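**Q** One structure, as structure tokens, below. Some questions next.
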Amino acid sequence: MVRARGGRSRLRARAERAVARGEAKGRALGRGAPVRRLRALVPVVVPVLLAIADAMLVNGLELDLEVGVSMLAAAALLVRRRFPLLVFLFTLPGLYIGYIWFAPMIGLYTLAVRRPGRARLGICAVLLIAAHFFPYPITDFELTVYRENTLVLIDACVTSAAPIALGLLVRTRQELASRVEDLTRSLRREDRLLADRVKTTERARLAREMHDVVAHQVSLISLQAGAVQVSTEDPEARAGARTIRELSVRTLEELRHMVGVLRADGGEAAEAHRLAPQPDLTELPRLIEMSALDVTYEGGVVAGPSGTKTVERAAFRTVQEALTNIRKHAPGARVRVRVDPVDAVLSEGSKRAAGSGRSGGSGRSGGSGRSGGSGRAEGAGESRAAHGLRVEIRNGPPDAAATVPALPGGGHGLVGLRERAQSLGGTLEARHTSDGGFVVRAEFPYGAG
């Protein structure tokens with residue numbers, strides 16, 4: 001009881017810390033929103049404020065034509081990003097009448113960044129030079145003042161060229177950044193293609209190694225079994241040798257098909273085009289007959305809609321893996337295999353693949369002392385009605401007098417079965433039973449494959 005209370009206290013403290021972290025994250029996000037809005041407003045508002053300050057410094061605070069035109073030119077900068085050409089033209093009266101500089105220069109800079117046409121920028125530059133060079137009213141212009149007119153013209157040209165040069169520089173930088181980003185994506189794509197090519201090469205190499213090593217050993221087994229079948233007079237020994245030879249031949253056939261899949265450019269595409277025929281439930285009785293186990297088979301081939309072959313292949317592999325694990329870890333145990341149709345509603349949002357014991361331990365599915373897969377995997381999705389297939393392999397406790405074979409195990413049996421069931425939208429459960437046995441139960445909906 002004390003331990004249980006302590007466990008609940010730790011869980012409560014952990015939950016409180018999680019809630020506190022969530023609240024802190026929410027407050028940080030809440031504080032970040034005004035900062036983002038402020039960053040978005042600064043580039044819009046600051047130029048307007050600079051133009052207003054320029055108008056007030058040049059024309060004073062007294063409301064007259066110069067101040068009015070200058071304030072309108074400054075206010076027009078609020079929409080300069082959407083209408084850069086119109087805003088620039090709207091600021092020219094402020095320069096010509098109110099003698100302000102910031103508003104037309106900012107407008108011309110925005111136009112150079114967003115609409116960098118040569119003819120357009122040239123015409124706008126000439127307009128700005130003219131508005132800057134000629135005085136208001138035009139009657140005050142004195143053509144004979146050469147020195148002063150030259151200085152004003154140079155000033156007007158610099159005032160016009162500076163924002164255009166800066167705007168084109170900023171636009172070029174943006175284009176370069178975009179090109180660099182595109183180049184980075186291209187390099188990443190090339191890296192992925194190179195990795196795929198390396199995987200394909202490695203897949204072909206593994207296929208060659210598998211064929212050279214495994215095929216040689218299995219061929220020797222088949223030859224030795226054939227020799228025993230011919231030389232012995234014992235009927236039981238001949239039957240056993242014949243079974244061994246049939247299994248060897250079948251193993252070589254499946255190995256040849258799998259090598260073909262591995263050596264193809266895409267293993268999944270090759271399987272989709274039926275490059276290698278795969279077993280289904282019609283071969284399940286033969287598998288059980290050759291398993292050398294005390295198996296009771298209940299069920300048969302179940303007819304279903306589209307996706308049946310994929311589901312039946314998954315069911316066959318489930319039975320095959322379970323029987324293999326029973327031979328490894330529960331020798332002498334009695335086994336019952338059931339294959340039944342399922343008429344139910346499978347929910348992808350509540351799909352679970354569960355197994356008792358330690359997850360991914362030895363991948364074993366039967367017998368005492370086994371380490372089965374454990375854990376639950378949940379998928380996300382919508383509920384859908386589906387007819388499917390249920391497969392159950394149940395074994396009792398192992399025979400104490402039987403010798404446990406020292407067969408190697410990769411520890412991936414139940415993990416692979418669970419992943420196959422999940423990929424088809426089904427469930428898989430593997431757990432110990434109260435009588436010391438083990439049960440593997442899988443459900444697959446039709447139409448998911």
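Here, A, B, ... name the chains of the structure tokens in the order displayed, residue numbers run from 1 inside each chain, and ligands are numbered from 1 in the same displayed order.
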Fewer than 4 positions away in the same chain doesn't count, so skip those; otherwise give me all residues within 8 Å of A:Trp101, counting only C-alpha atoms, as a PyMOL selection string.

**A** chain A and resi 51+54+95+105

**Q** So, with only C-alpha atoms as the atoms that count, which of A:Ala227, A:Ile97, A:Leu86, A:Ile164 lies closest to A:Ala131?

**A**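 Going through A:Ala227, A:Ile97, A:Leu86, A:Ile164 one by one, the smallest distance to A:Ala131 is for A:Ile97.
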
**Q** Mind checking which residues fall within 6 Å of stretch 337-343 of chain A, counting only C-alpha atoms, ignoring those fewer than 3 positions away in the same chain, and posting them as an MDAnalysis selection string?

**A** chainID A and resid 297:299 387:393

**Q** Any idea what the distance is between atom CA of A:Val259 and atom CA of A:Arg205?

**A** 10.1 Å

**Q** Hey, what does DSSP flag as helix (DSSP H, G or I) within stretch 57-205 of chain A? Can you give it to me as a PyMOL selection string?

**A** chain A and resi 57-59+65-79+84-98+102-114+118-133+138-140+146-205

**Q** Give me, please, the distance in Å between atom CA of A:Leu50 and atom CA of A:Glu175, quoted to one decimal.

**A**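 Interatomic distance here is 28.0 Å.
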
**Q** As an exercise, work out the distance from atom CA of A:Ala75 to atom CA of A:Ile52 in Å and give it to one decimal place.

**A**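 Distance between the two atoms: 8.2 Å.
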
**Q** Compile the contact shell of A:Glu289 as a ChimeraX atom specification: residues with an atom at most 12 Å away, counting only C-alpha atoms, same-chain residues fewer than 6 positions apart removed.

**A** /A:243,247,283,295-297,320,323

**Q** Using only C-alpha atoms, which protein or nucleic acid residues come within 12 Å of A:His132? Drop anything in the same chain fewer than 5 positions from it, and give the result as number ranges by chain.

**A** A: 91-101, 104-105, 125-127, 138, 149, 151-160
